[in-house]
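Engineer: Following this line is structure.cif, made up of mmCIF, C-alpha atoms:
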```cif
data_query
#
loop_
_atom_site.label_atom_id
_atom_site.label_comp_id
_atom_site.auth_asym_id
_atom_site.auth_seq_id
_atom_site.Cartn_x
_atom_site.Cartn_y
_atom_site.Cartn_z
CA MET H 1 -12.69 54.20 3.35
CA GLY H 2 -12.71 51.05 5.49
CA LEU H 3 -11.15 47.64 4.75
CA ARG H 4 -12.90 45.05 6.91
CA ALA H 5 -11.54 41.71 8.10
CA GLY H 6 -13.29 38.59 9.34
CA SER H 7 -16.90 37.47 9.25
CA SER H 8 -19.61 37.54 11.92
CA GLU H 9 -20.41 33.91 11.05
CA GLN H 10 -17.08 32.71 12.43
CA PRO H 11 -16.42 31.79 16.09
CA PRO H 12 -15.05 34.71 18.18
CA ARG H 13 -11.55 33.25 18.57
CA VAL H 14 -11.30 32.61 14.83
CA ARG H 15 -12.56 36.14 14.03
CA ARG H 16 -9.96 37.64 16.33
CA TYR H 17 -7.12 35.57 14.86
CA LEU H 18 -8.09 36.38 11.26
CA ALA H 19 -8.49 40.07 12.06
CA GLU H 20 -5.06 40.21 13.69
CA VAL H 21 -3.36 38.41 10.80
CA ALA H 22 -5.12 40.32 8.03
CA LEU H 23 -4.85 43.83 9.42
CA ALA H 24 -1.33 43.44 10.84
CA GLY H 25 -0.12 41.98 7.54
CA LEU H 26 -1.73 44.77 5.54
CA TYR H 27 -0.33 47.47 7.81
CA CYS H 28 3.19 46.04 7.60
CA ARG H 29 2.91 45.92 3.82
CA LEU H 30 1.79 49.56 3.72
CA LYS H 31 4.79 50.47 5.87
CA GLN H 32 7.12 48.68 3.46
CA CYS H 33 5.58 50.69 0.63
CA LYS H 34 5.98 53.89 2.70
CA VAL H 35 2.28 54.77 2.57
CA ALA H 36 1.23 53.87 6.15
CA GLN H 37 0.68 57.56 6.83
CA HIS H 38 -2.60 57.19 4.95
CA VAL H 39 -3.97 54.85 7.65
CA GLU H 40 -6.33 56.81 9.88
CA LEU H 41 -7.36 54.08 12.32
CA VAL H 42 -7.23 50.32 12.89
CA SER H 43 -10.23 49.11 14.87
CA PHE H 44 -11.12 45.71 16.32
CA ALA H 45 -14.56 44.34 17.14
CA TYR H 46 -13.53 42.88 20.49
CA GLU H 47 -12.24 44.03 23.84
CA ALA H 48 -8.56 44.86 24.24
CA PRO H 49 -6.59 41.66 24.96
CA ALA H 50 -3.92 41.35 27.64
CA TYR H 51 -1.24 42.11 25.04
CA ALA H 52 -2.93 45.28 23.76
CA SER H 53 0.39 47.13 24.05
CA GLU H 54 1.64 45.07 21.09
CA TYR H 55 -1.25 46.39 19.00
CA VAL H 56 -0.32 49.94 19.98
CA ARG H 57 3.30 49.31 19.04
CA LEU H 58 2.57 47.61 15.74
CA PHE H 59 -0.07 50.07 14.56
CA GLU H 60 1.87 53.04 15.94
CA GLY H 61 -0.95 54.19 18.19
CA ARG H 62 -3.66 54.08 15.50
CA VAL H 63 -5.75 51.40 17.23
CA ARG H 64 -9.09 51.09 19.04
CA PHE H 65 -10.97 48.15 20.55
CA ALA H 66 -14.62 47.25 21.13
CA GLU H 67 -15.60 48.86 17.82
CA GLU H 68 -18.43 47.72 15.56
CA TYR H 69 -16.07 46.19 12.96
CA SER H 70 -12.51 44.94 12.69
CA GLU H 71 -11.24 47.19 9.94
CA MET H 72 -8.55 49.54 8.71
CA ARG H 73 -9.70 53.02 7.82
CA VAL H 74 -7.60 54.82 5.24
CA ASP H 75 -7.93 58.17 3.52
CA THR H 76 -8.76 58.12 -0.17
CA LEU H 77 -5.34 59.56 -1.07
CA LEU H 78 -4.01 56.01 -0.71
CA LEU H 79 -5.90 55.05 -3.87
CA ARG H 80 -3.87 57.64 -5.79
CA ALA H 81 -0.50 56.79 -4.24
CA ALA H 82 2.17 55.78 -6.76
CA PRO H 83 2.96 52.04 -6.64
CA VAL H 84 6.45 51.18 -5.40
CA HIS H 85 6.91 48.35 -7.91
CA ALA H 86 4.97 49.59 -10.92
CA ASP H 87 4.44 46.98 -13.63
CA ALA H 88 2.56 48.35 -16.62
CA GLU H 89 2.23 44.95 -18.28
CA LEU H 90 0.78 43.36 -15.14
CA HIS H 91 -1.60 46.30 -14.72
CA ASP H 92 -2.83 45.98 -18.30
CA THR H 93 -3.23 42.22 -17.94
CA LEU H 94 -5.23 42.48 -14.70
CA SER H 95 -7.35 45.33 -16.08
CA ALA H 96 -8.20 43.29 -19.17
CA LEU H 97 -8.98 40.25 -17.02
CA ALA H 98 -11.26 42.30 -14.76
CA ALA H 99 -13.07 43.73 -17.77
CA ARG H 100 -13.55 40.28 -19.30
CA ARG H 101 -14.86 38.80 -16.06
CA ALA H 102 -17.26 41.71 -15.61
CA LEU H 103 -18.60 41.10 -19.11
CA ARG H 104 -18.82 37.37 -18.46
CA GLN H 105 -21.19 38.03 -15.56
CA THR H 106 -23.70 39.33 -18.10
CA ASP H 107 -22.89 36.75 -20.81
CA GLN H 108 -21.48 39.48 -23.05
CA ALA H 109 -17.85 38.43 -23.15
CA PRO H 110 -16.55 37.54 -26.64
CA TYR H 111 -15.86 33.84 -27.10
CA ALA H 112 -12.19 34.64 -27.71
CA ALA H 113 -11.96 36.12 -24.20
CA ARG H 114 -13.77 33.14 -22.70
CA VAL H 115 -11.45 30.70 -24.45
CA HIS H 116 -8.37 32.63 -23.33
CA ASP H 117 -9.56 32.65 -19.71
CA ALA H 118 -10.38 28.93 -19.81
CA LEU H 119 -6.89 28.15 -21.10
CA VAL H 120 -4.91 30.45 -18.81
CA TRP H 121 -6.71 29.88 -15.52
CA GLN H 122 -7.07 26.11 -15.54
CA ARG H 123 -5.14 24.06 -13.01
CA PRO H 124 -2.26 21.70 -13.87
CA SER H 125 -2.12 19.43 -15.63
CA ARG H 126 -3.43 21.69 -18.33
CA ASP H 127 -5.52 20.43 -21.22
CA MET H 128 -5.15 22.79 -24.18
CA ARG H 129 -7.40 20.84 -26.56
CA MET H 130 -10.26 22.61 -28.27
CA GLN H 131 -12.80 19.93 -27.38
CA THR H 132 -11.96 20.31 -23.69
CA VAL H 133 -12.42 24.08 -23.76
CA ALA H 134 -15.64 23.77 -25.78
CA ARG H 135 -17.02 21.40 -23.17
CA LYS H 136 -16.17 23.86 -20.38
CA LEU H 137 -17.98 26.63 -22.25
CA GLY H 138 -21.00 24.44 -22.91
CA VAL H 139 -20.80 24.51 -26.71
CA SER H 140 -19.81 22.08 -29.44
CA VAL H 141 -16.39 22.23 -31.10
CA ARG H 142 -18.07 23.15 -34.37
CA SER H 143 -20.00 26.02 -32.77
CA LEU H 144 -16.95 27.30 -30.93
CA ARG H 145 -14.91 27.32 -34.13
CA ARG H 146 -17.68 29.27 -35.86
CA TYR H 147 -17.98 31.81 -33.01
CA LEU H 148 -14.24 32.41 -33.03
CA LEU H 149 -14.14 32.86 -36.80
CA THR H 150 -16.83 35.54 -36.60
CA GLU H 151 -14.57 37.35 -34.08
CA GLY H 152 -11.56 37.02 -36.40
CA LYS H 153 -9.76 34.53 -34.15
CA THR H 154 -8.68 30.92 -34.31
CA PHE H 155 -8.31 28.49 -31.45
CA ALA H 156 -4.66 27.92 -32.36
CA GLU H 157 -3.90 31.63 -32.01
CA LEU H 158 -5.61 31.81 -28.64
CA ALA H 159 -3.84 28.67 -27.41
CA ALA H 160 -0.46 30.12 -28.40
CA ASP H 161 -1.27 33.40 -26.64
CA ALA H 162 -2.37 31.53 -23.52
CA LEU H 163 0.84 29.47 -23.51
CA ALA H 164 2.86 32.67 -23.84
CA CYS H 165 1.06 34.14 -20.81
CA LEU H 166 1.62 30.98 -18.79
CA ALA H 167 5.28 30.88 -19.83
CA LYS H 168 5.87 34.51 -18.80
CA ARG H 169 4.23 33.90 -15.44
CA ALA H 170 6.28 30.75 -14.82
CA LEU H 171 9.60 32.33 -15.86
CA LEU H 172 9.24 35.04 -13.22
CA ASP H 173 9.40 32.30 -10.57
CA ASP H 174 13.15 31.66 -10.37
CA ARG H 175 12.56 28.60 -8.18
CA ARG H 176 11.72 26.74 -11.39
CA SER H 177 14.35 25.94 -13.96
CA ILE H 178 13.62 26.77 -17.58
CA SER H 179 13.57 23.06 -18.40
CA GLN H 180 10.96 22.50 -15.68
CA THR H 181 8.84 25.30 -17.12
CA ALA H 182 9.12 23.76 -20.59
CA GLU H 183 8.01 20.37 -19.25
CA GLU H 184 5.09 21.84 -17.27
CA LEU H 185 3.82 23.60 -20.38
CA GLY H 186 3.91 20.38 -22.40
CA PHE H 187 7.00 20.95 -24.56
CA ALA H 188 9.11 17.98 -25.57
CA ASP H 189 12.33 19.68 -24.48
CA GLU H 190 13.87 23.02 -23.55
CA THR H 191 14.99 23.71 -27.12
CA SER H 192 11.46 23.58 -28.54
CA PHE H 193 10.24 25.81 -25.69
CA HIS H 194 13.08 28.26 -26.39
CA ARG H 195 12.06 28.48 -30.08
CA ALA H 196 8.37 28.95 -29.27
CA PHE H 197 9.02 31.61 -26.64
CA LYS H 198 11.31 33.53 -29.00
CA ARG H 199 8.59 33.40 -31.64
CA TRP H 200 5.94 34.68 -29.19
CA THR H 201 7.94 37.45 -27.55
CA GLY H 202 11.01 38.21 -29.65
CA THR H 203 13.27 37.35 -26.71
CA THR H 204 14.61 34.19 -25.08
CA PRO H 205 13.29 32.68 -21.85
CA MET H 206 16.55 33.51 -20.05
CA GLN H 207 16.53 37.12 -21.26
CA TYR H 208 12.94 37.49 -20.15
CA ARG H 209 13.73 36.07 -16.70
CA ARG H 210 16.81 38.27 -16.23
CA SER H 211 14.82 41.37 -17.18
CA GLY H 212 12.15 40.59 -14.59
CA GLY H 213 9.53 40.62 -17.34
CA SER H 214 10.31 44.12 -18.56
CA VAL H 215 11.38 43.14 -22.11
#
```
Take the structure in this file and express it as structure tokens.
Structural biologist:
Amino acid sequence: MGLRAGSSEQPPRVRRYLAEVALAGLYCRLKQCKVAQHVELVSFAYEAPAYASEYVRLFEGRVRFAEEYSEMRVDTLLLRAAPVHADAELHDTLSALAARRALRQTDQAPYAARVHDALVWQRPSRDMRMQTVARKLGVSVRSLRRYLLTEGKTFAELAADALACLAKRALLDDRRSISQTAEELGFADETSFHRAFKRWTGTTPMQYRRSGGSV
């Protein structure tokens, strides 16, 4: 299996820089995760530069130049390697998101999933109003309400779930204070955010942060 870097549409110097950064960064990350032994070869689609010895050192001899592509070739056992920092909740969330987006490509995603995505993945400052989401989805508020009711959902439930997801994501960033998180999510104060988060998750924002999201 090959993981390619760069694009043939880019200038040669840019392609070389991006290939170096991407493949070196990936290899270092695989070393940190102790799975670099699954790398069979790192190839580059240009001649060996004057500092080729640094490539040899970094990639521990698994390097070739003047190849057809800049890529990292790994054996398929890497796909079955156990993750170093396993996070079941994150895995489930990303799997559900991938499934929803795949459905959305064929216009088969339930409206509840489309609403949830629209709420969670919008940029700050976030607008959680139903009319705003309806406009993004190209339907009227009345139609959206009807679609959600047929799926057994309400907009209020989906908005609360989206806020809970955003809150969990923000709390795992310890560079933000809890009061900052509350303000960014539109709460009047930290106390009201604390109450809402406890209602959503059964735990407090501080407990959730200290647990690293495992509660």
Engineer: Got a sec: who's within 12 Å of H:Lys153, counting all atoms listed in the file, leaving out chain neighbours fewer than 3 positions off, as number ranges by chain?
Structural biologist: H: 110-113, 115-116, 144-150, 156-161
Engineer: Identify, on the basis of all atoms listed in the file, every residue whose closest approach to H:Lys136 does not exceed 12 Å; exclude the query and any residue fewer than 6 positions from it along the same chain; express the result as an NGL selection string.
Structural biologist: :H and (114-115 or 117-119 or 122 or 127-130 or 144)
Engineer: I'd like the contact shell of stretch 36-45 of chain H - 6 Å cut-off, all atoms listed in the file, skipping same-chain residues fewer than 6 positions apart - returned as a PDB file with C-alpha atoms, in the coordinates of the input.
Structural biologist:
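Ended up saving to result31.pdb:
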```pdb
ATOM      1  CA  LEU H  30       1.790  49.560   3.720  1.00  0.00           C
ATOM      2  CA  ARG H  62      -3.660  54.080  15.500  1.00  0.00           C
ATOM      3  CA  VAL H  63      -5.750  51.400  17.230  1.00  0.00           C
ATOM      4  CA  ARG H  64      -9.090  51.090  19.040  1.00  0.00           C
ATOM      5  CA  PHE H  65     -10.970  48.150  20.550  1.00  0.00           C
ATOM      6  CA  ALA H  66     -14.620  47.250  21.130  1.00  0.00           C
ATOM      7  CA  GLU H  67     -15.600  48.860  17.820  1.00  0.00           C
ATOM      8  CA  GLU H  68     -18.430  47.720  15.560  1.00  0.00           C
ATOM      9  CA  TYR H  69     -16.070  46.190  12.960  1.00  0.00           C
ATOM     10  CA  SER H  70     -12.510  44.940  12.690  1.00  0.00           C
ATOM     11  CA  GLU H  71     -11.240  47.190   9.940  1.00  0.00           C
ATOM     12  CA  MET H  72      -8.550  49.540   8.710  1.00  0.00           C
ATOM     13  CA  ARG H  73      -9.700  53.020   7.820  1.00  0.00           C
ATOM     14  CA  VAL H  74      -7.600  54.820   5.240  1.00  0.00           C
ATOM     15  CA  ASP H  75      -7.930  58.170   3.520  1.00  0.00           C
ATOM     16  CA  LEU H  78      -4.010  56.010  -0.710  1.00  0.00           C
TER      17      LEU H  78
END
```
Engineer: Figure out the distance between atom CA of H:Tyr46 and atom CA of H:Arg16, please, to one decimal in Å.
Structural biologist: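 Straight-line distance from atom CA of H:Arg16 to atom CA of H:Tyr46 works out to 7.6 Å.
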Engineer: With all atoms listed in the file as the basis for distance, which of H:Ser177, H:Gln32, H:Arg142, H:Glu183 is at the shortest distance from H:Pro205?
Structural biologist: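 Of all the options, H:Ser177 lies closest to H:Pro205.
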Engineer: Pick the closest to H:Ala170 from H:Ala96, H:Glu151, H:Tyr208, H:Val56: which is it, counting only C-alpha atoms?
Structural biologist: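 The closest residue to H:Ala170 is H:Tyr208.
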Engineer: Find the distance between atom CA of H:Arg169 and atom CA of H:Gly25 and write it in Å to one decimal.
Structural biologist: 24.7 Å
Engineer: Between atom CA of H:Thr132 and atom CA of H:Ala164, measure the distance and give it in Å to one decimal.
Structural biologist: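 Computing the Euclidean distance for atom CA of H:Thr132 and atom CA of H:Ala164 yields 19.3 Å.
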Engineer: For a quick check of understanding, using all atoms listed in the file, which of H:Val120, H:Phe187, H:Ser140, H:Ala196 has the smallest distance to H:Leu166?
Structural biologist: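 Looking at the shortest contact to H:Leu166, the residue is H:Val120.
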Engineer: Using only C-alpha atoms, which residues sit within 12 Å of H:Cys28 once same-chain residues fewer than 6 positions away are excluded, as a ChimeraX atom specification?
Structural biologist: /H:20-22,34-37,39,57-60
Engineer: Please identify all polymer residues within 10 Å of H:Gly186, counting all atoms listed in the file, omitting same-chain residues fewer than 4 positions from it, and present them as JSON, numbers by chain.
Structural biologist: {"H": [125, 126, 127, 128, 163, 180, 181, 182, 193]}
Engineer: Please write the residues from the selection above to a file, keeping C-alpha atoms, as a CSV table (one decimal), in the frame of the given file.
Structural biologist:
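Below is the file result39.csv, written as the result:
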```csv
chain,number,residue,atom,x,y,z
H,125,SER,CA,-2.1,19.4,-15.6
H,126,ARG,CA,-3.4,21.7,-18.3
H,127,ASP,CA,-5.5,20.4,-21.2
H,128,MET,CA,-5.2,22.8,-24.2
H,163,LEU,CA,0.8,29.5,-23.5
H,180,GLN,CA,11.0,22.5,-15.7
H,181,THR,CA,8.8,25.3,-17.1
H,182,ALA,CA,9.1,23.8,-20.6
H,193,PHE,CA,10.2,25.8,-25.7
```
Engineer: Could you check the closest approach to H:Gly213 for each of H:Gln131, H:Thr201, H:Thr76, H:Ser179 and tell me which residue wins, using only C-alpha atoms?
Structural biologist: H:Thr201
